[in-house]
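> Before anything else, here's the structure in question.
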Amino acid sequence: MKLMVQIKFGSGKQKIVEFGNFRYLVYIISNKEDPDAMDEFIKIMARELTVPPSRFHYKGKEGEVYVFDVD
């Protein structure tokens with residue numbers, strides 16, 4: 001499945017907003033420059049979708065939207 005995600009870095013708390021058709025807005029605590037920011041994002045989404053983190057594959061960015069492929 002293809003995920004289209006807009007990530008808001010540096011939020012006060014973690015939060016996921018689902019728009020349907022595998023489109024999400026995700027708030028994470030880490031700053032964009034933090035090397036662990038994507039790990040935090042993947043852990044949050046893995047928990048939400050009940051999929052192991054190892055199944056997330058970054059495919060690129062379309063404007064402000066991050067694209068992931070999930071096996």
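Following the order of the structure tokens, first chain is A, next is B, and so on, with residues numbered from 1 inside each chain and ligands from 1 in the order they appear.
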Within 10 Å of stretch 7-9 of chain A, counting only C-alpha atoms, which residues qualify if same-chain residues fewer than 6 places away don't, as a PyMOL selection string?

chain A and resi 15-16+24-34+37-38+41+64-66

> Write the residues of the selection above to a file with N, CA and C atoms, as a PDB file, in the first residue's frame.


```pdb
ATOM      1  N   LYS A  15       0.369  12.939  17.375  1.00  0.00           N
ATOM      2  CA  LYS A  15      -1.032  12.870  16.979  1.00  0.00           C
ATOM      3  C   LYS A  15      -1.106  12.461  15.511  1.00  0.00           C
ATOM      4  N   ILE A  16      -2.123  11.672  15.165  1.00  0.00           N
ATOM      5  CA  ILE A  16      -2.333  11.243  13.779  1.00  0.00           C
ATOM      6  C   ILE A  16      -3.732  11.651  13.348  1.00  0.00           C
ATOM      7  N   TYR A  24      -2.439  10.810   5.477  1.00  0.00           N
ATOM      8  CA  TYR A  24      -2.361  11.140   6.901  1.00  0.00           C
ATOM      9  C   TYR A  24      -1.638  12.460   7.128  1.00  0.00           C
ATOM     10  N   LEU A  25      -1.969  13.087   8.238  1.00  0.00           N
ATOM     11  CA  LEU A  25      -1.218  14.207   8.793  1.00  0.00           C
ATOM     12  C   LEU A  25      -0.725  13.721  10.148  1.00  0.00           C
ATOM     13  N   VAL A  26       0.598  13.730  10.349  1.00  0.00           N
ATOM     14  CA  VAL A  26       1.186  13.177  11.573  1.00  0.00           C
ATOM     15  C   VAL A  26       2.003  14.251  12.274  1.00  0.00           C
ATOM     16  N   TYR A  27       1.694  14.463  13.549  1.00  0.00           N
ATOM     17  CA  TYR A  27       2.448  15.388  14.391  1.00  0.00           C
ATOM     18  C   TYR A  27       3.418  14.559  15.232  1.00  0.00           C
ATOM     19  N   ILE A  28       4.717  14.924  15.194  1.00  0.00           N
ATOM     20  CA  ILE A  28       5.696  14.233  16.026  1.00  0.00           C
ATOM     21  C   ILE A  28       6.479  15.245  16.847  1.00  0.00           C
ATOM     22  N   ILE A  29       7.016  14.772  17.960  1.00  0.00           N
ATOM     23  CA  ILE A  29       7.720  15.634  18.909  1.00  0.00           C
ATOM     24  C   ILE A  29       9.101  16.032  18.389  1.00  0.00           C
ATOM     25  N   SER A  30       9.772  15.131  17.706  1.00  0.00           N
ATOM     26  CA  SER A  30      11.135  15.389  17.214  1.00  0.00           C
ATOM     27  C   SER A  30      11.166  16.532  16.212  1.00  0.00           C
ATOM     28  N   ASN A  31      12.281  17.254  16.193  1.00  0.00           N
ATOM     29  CA  ASN A  31      12.509  18.283  15.188  1.00  0.00           C
ATOM     30  C   ASN A  31      12.968  17.632  13.893  1.00  0.00           C
ATOM     31  N   LYS A  32      12.795  18.330  12.793  1.00  0.00           N
ATOM     32  CA  LYS A  32      13.155  17.795  11.480  1.00  0.00           C
ATOM     33  C   LYS A  32      14.641  17.434  11.405  1.00  0.00           C
ATOM     34  N   GLU A  33      15.494  18.198  12.073  1.00  0.00           N
ATOM     35  CA  GLU A  33      16.933  17.982  12.042  1.00  0.00           C
ATOM     36  C   GLU A  33      17.375  16.805  12.917  1.00  0.00           C
ATOM     37  N   ASP A  34      16.507  16.331  13.793  1.00  0.00           N
ATOM     38  CA  ASP A  34      16.833  15.237  14.703  1.00  0.00           C
ATOM     39  C   ASP A  34      17.016  13.937  13.910  1.00  0.00           C
ATOM     40  N   ALA A  37      14.087  11.413  14.054  1.00  0.00           N
ATOM     41  CA  ALA A  37      12.737  11.883  13.725  1.00  0.00           C
ATOM     42  C   ALA A  37      11.963  10.865  12.882  1.00  0.00           C
ATOM     43  N   MET A  38      12.589  10.319  11.855  1.00  0.00           N
ATOM     44  CA  MET A  38      11.891   9.349  11.005  1.00  0.00           C
ATOM     45  C   MET A  38      11.619   8.046  11.744  1.00  0.00           C
ATOM     46  N   PHE A  41       8.516   8.683  13.659  1.00  0.00           N
ATOM     47  CA  PHE A  41       7.366   8.649  12.752  1.00  0.00           C
ATOM     48  C   PHE A  41       6.977   7.215  12.394  1.00  0.00           C
ATOM     49  N   GLU A  64       5.210  18.861  -0.005  1.00  0.00           N
ATOM     50  CA  GLU A  64       5.295  18.717   1.446  1.00  0.00           C
ATOM     51  C   GLU A  64       4.907  17.314   1.922  1.00  0.00           C
ATOM     52  N   VAL A  65       4.581  16.435   0.998  1.00  0.00           N
ATOM     53  CA  VAL A  65       4.070  15.098   1.342  1.00  0.00           C
ATOM     54  C   VAL A  65       5.151  14.045   1.174  1.00  0.00           C
ATOM     55  N   TYR A  66       5.340  13.237   2.233  1.00  0.00           N
ATOM     56  CA  TYR A  66       6.277  12.124   2.190  1.00  0.00           C
ATOM     57  C   TYR A  66       5.528  10.896   1.688  1.00  0.00           C
TER      58      TYR A  66
END
```

> Find the residues around A:Gly20 up to 12 Å (only C-alpha atoms counted), leave out those fewer than 2 positions away in its own chain, and share them as a PyMOL selection string.

chain A and resi 3-5+17-18+22-25

> Could you pull the residues within 8 Å of A:Met1, counting only C-alpha atoms, minus those fewer than 5 positions along the same chain, as a PyMOL selection string?

chain A and resi 22+69-71

> Skipping near chain neighbours, those fewer than 3 positions away, what residues fall within 12 Å of A:Lys43 using only C-alpha atoms, listed as JSON, numbers by chain?

{"A": [14, 26, 28, 36, 37, 38, 39, 40, 46, 47, 48, 49, 50, 51, 52, 53, 54, 55, 56]}

> Store the residues picked out above in a file with all heavy atoms, as a compact mmCIF listing (two decimals), in the first residue's frame.


```
# COMPACT_ATOMS: atom_id res chain seq x y z
N GLN A 14 2.39 13.74 20.15
CA GLN A 14 2.20 12.92 18.96
C GLN A 14 0.71 12.80 18.66
O GLN A 14 -0.10 12.59 19.56
CB GLN A 14 2.77 11.52 19.18
CG GLN A 14 4.26 11.51 19.39
CD GLN A 14 4.79 10.13 19.74
OE1 GLN A 14 4.05 9.29 20.23
NE2 GLN A 14 6.06 9.92 19.50
N VAL A 26 0.60 13.73 10.35
CA VAL A 26 1.19 13.18 11.57
C VAL A 26 2.00 14.25 12.27
O VAL A 26 2.87 14.88 11.66
CB VAL A 26 2.08 11.95 11.25
CG1 VAL A 26 2.69 11.40 12.52
CG2 VAL A 26 1.28 10.88 10.53
N ILE A 28 4.72 14.92 15.19
CA ILE A 28 5.70 14.23 16.03
C ILE A 28 6.48 15.24 16.85
O ILE A 28 6.58 16.41 16.49
CB ILE A 28 6.65 13.35 15.19
CG1 ILE A 28 7.50 14.16 14.23
CG2 ILE A 28 5.90 12.27 14.44
CD1 ILE A 28 8.57 13.35 13.54
N ASP A 36 16.69 10.97 14.78
CA ASP A 36 15.71 9.94 15.15
C ASP A 36 14.29 10.32 14.77
O ASP A 36 13.35 9.60 15.11
CB ASP A 36 15.77 9.69 16.66
CG ASP A 36 17.11 9.10 17.08
OD1 ASP A 36 17.71 8.36 16.27
OD2 ASP A 36 17.56 9.38 18.21
N ALA A 37 14.09 11.41 14.05
CA ALA A 37 12.74 11.88 13.72
C ALA A 37 11.96 10.87 12.88
O ALA A 37 10.81 10.57 13.16
CB ALA A 37 12.80 13.22 13.01
N MET A 38 12.59 10.32 11.85
CA MET A 38 11.89 9.35 11.01
C MET A 38 11.62 8.05 11.74
O MET A 38 10.60 7.40 11.51
CB MET A 38 12.66 9.09 9.72
CG MET A 38 12.46 10.18 8.72
SD MET A 38 10.73 10.58 8.49
CE MET A 38 10.70 11.00 6.81
N ASP A 39 12.52 7.66 12.65
CA ASP A 39 12.26 6.47 13.47
C ASP A 39 11.02 6.67 14.33
O ASP A 39 10.20 5.76 14.47
CB ASP A 39 13.46 6.15 14.36
CG ASP A 39 14.66 5.65 13.57
OD1 ASP A 39 14.46 5.15 12.44
OD2 ASP A 39 15.79 5.77 14.07
N GLU A 40 10.89 7.88 14.91
CA GLU A 40 9.71 8.19 15.72
C GLU A 40 8.45 8.10 14.85
O GLU A 40 7.45 7.50 15.24
CB GLU A 40 9.82 9.58 16.33
CG GLU A 40 8.61 9.98 17.14
CD GLU A 40 8.66 11.42 17.65
OE1 GLU A 40 9.69 12.10 17.47
OE2 GLU A 40 7.64 11.85 18.21
N ALA A 46 3.50 2.56 12.47
CA ALA A 46 3.46 1.10 12.58
C ALA A 46 2.43 0.69 13.63
O ALA A 46 1.66 -0.25 13.43
CB ALA A 46 4.84 0.56 12.95
N ARG A 47 2.39 1.44 14.73
CA ARG A 47 1.41 1.17 15.78
C ARG A 47 -0.01 1.45 15.27
O ARG A 47 -0.93 0.66 15.51
CB ARG A 47 1.71 2.05 16.99
CG ARG A 47 0.97 1.67 18.23
CD ARG A 47 1.38 2.47 19.47
NE ARG A 47 2.74 2.97 19.45
CZ ARG A 47 3.06 4.26 19.59
NH1 ARG A 47 2.13 5.17 19.75
NH2 ARG A 47 4.32 4.64 19.58
N GLU A 48 -0.19 2.52 14.53
CA GLU A 48 -1.51 2.90 14.00
C GLU A 48 -2.02 1.87 12.99
O GLU A 48 -3.19 1.51 13.00
CB GLU A 48 -1.41 4.28 13.34
CG GLU A 48 -2.65 4.73 12.62
CD GLU A 48 -3.76 5.21 13.54
OE1 GLU A 48 -3.52 5.39 14.74
OE2 GLU A 48 -4.87 5.40 13.04
N LEU A 49 -1.13 1.41 12.11
CA LEU A 49 -1.55 0.48 11.04
C LEU A 49 -1.37 -0.98 11.41
O LEU A 49 -1.70 -1.85 10.61
CB LEU A 49 -0.73 0.78 9.78
CG LEU A 49 -0.88 2.18 9.19
CD1 LEU A 49 0.10 2.38 8.05
CD2 LEU A 49 -2.31 2.41 8.72
N THR A 50 -0.85 -1.24 12.60
CA THR A 50 -0.53 -2.60 13.08
C THR A 50 0.31 -3.36 12.05
O THR A 50 -0.02 -4.47 11.64
CB THR A 50 -1.79 -3.40 13.48
OG1 THR A 50 -2.64 -3.54 12.35
CG2 THR A 50 -2.53 -2.73 14.62
N VAL A 51 1.39 -2.72 11.64
CA VAL A 51 2.34 -3.28 10.67
C VAL A 51 3.73 -3.16 11.29
O VAL A 51 4.04 -2.14 11.90
CB VAL A 51 2.27 -2.49 9.34
CG1 VAL A 51 3.33 -2.96 8.37
CG2 VAL A 51 0.90 -2.58 8.72
N PRO A 52 4.59 -4.17 11.14
CA PRO A 52 5.96 -4.04 11.67
C PRO A 52 6.71 -2.87 11.02
O PRO A 52 6.55 -2.62 9.82
CB PRO A 52 6.62 -5.37 11.28
CG PRO A 52 5.50 -6.31 11.02
CD PRO A 52 4.35 -5.48 10.54
N PRO A 53 7.51 -2.14 11.80
CA PRO A 53 8.27 -1.00 11.25
C PRO A 53 9.16 -1.36 10.07
O PRO A 53 9.42 -0.52 9.20
CB PRO A 53 9.11 -0.53 12.44
CG PRO A 53 8.38 -1.01 13.65
CD PRO A 53 7.71 -2.28 13.24
N SER A 54 9.61 -2.59 10.00
CA SER A 54 10.50 -3.00 8.91
C SER A 54 9.81 -3.01 7.55
O SER A 54 10.47 -3.08 6.51
CB SER A 54 11.07 -4.39 9.20
OG SER A 54 10.03 -5.34 9.28
N ARG A 55 8.50 -2.91 7.52
CA ARG A 55 7.76 -2.94 6.25
C ARG A 55 7.57 -1.56 5.62
O ARG A 55 6.99 -1.45 4.55
CB ARG A 55 6.41 -3.60 6.46
CG ARG A 55 6.54 -5.06 6.79
CD ARG A 55 5.25 -5.75 6.63
NE ARG A 55 5.42 -7.18 6.77
CZ ARG A 55 4.46 -8.03 6.63
NH1 ARG A 55 3.25 -7.61 6.32
NH2 ARG A 55 4.67 -9.31 6.78
N PHE A 56 8.03 -0.52 6.28
CA PHE A 56 7.93 0.84 5.75
C PHE A 56 9.15 1.15 4.88
O PHE A 56 10.28 0.96 5.31
CB PHE A 56 7.85 1.87 6.89
CG PHE A 56 6.51 1.92 7.55
CD1 PHE A 56 6.16 0.97 8.49
CD2 PHE A 56 5.60 2.92 7.23
CE1 PHE A 56 4.92 1.02 9.11
CE2 PHE A 56 4.36 2.96 7.84
CZ PHE A 56 4.02 2.01 8.77
```

> With a distance cut-off of 9 Å and only C-alpha atoms, select the neighbouring residues of A:Val67, excluding the residue or stretch itself and same-chain residues fewer than 5 positions from it, and output the selection as an NGL selection string.

:A and (2-6 or 57-62)

> Quick one: DSSP helix (DSSP H, G or I) residues in chain A, as a list in words?

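Checking each residue of chain A, the helix (DSSP H, G or I) ones are Ala37, Met38, Asp39, Glu40, Phe41, Ile42, Lys43, Ile44, Met45, Ala46, Arg47, Glu48, Leu49, Pro53, Ser54 and Arg55 of chain A.
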
> For the strand (DSSP E or B) assignment from backbone DSSP, which residues of chain A qualify? Please present them as a PyMOL selection string.

chain A and resi 2-8+15-20+23-27+56-62+65-70
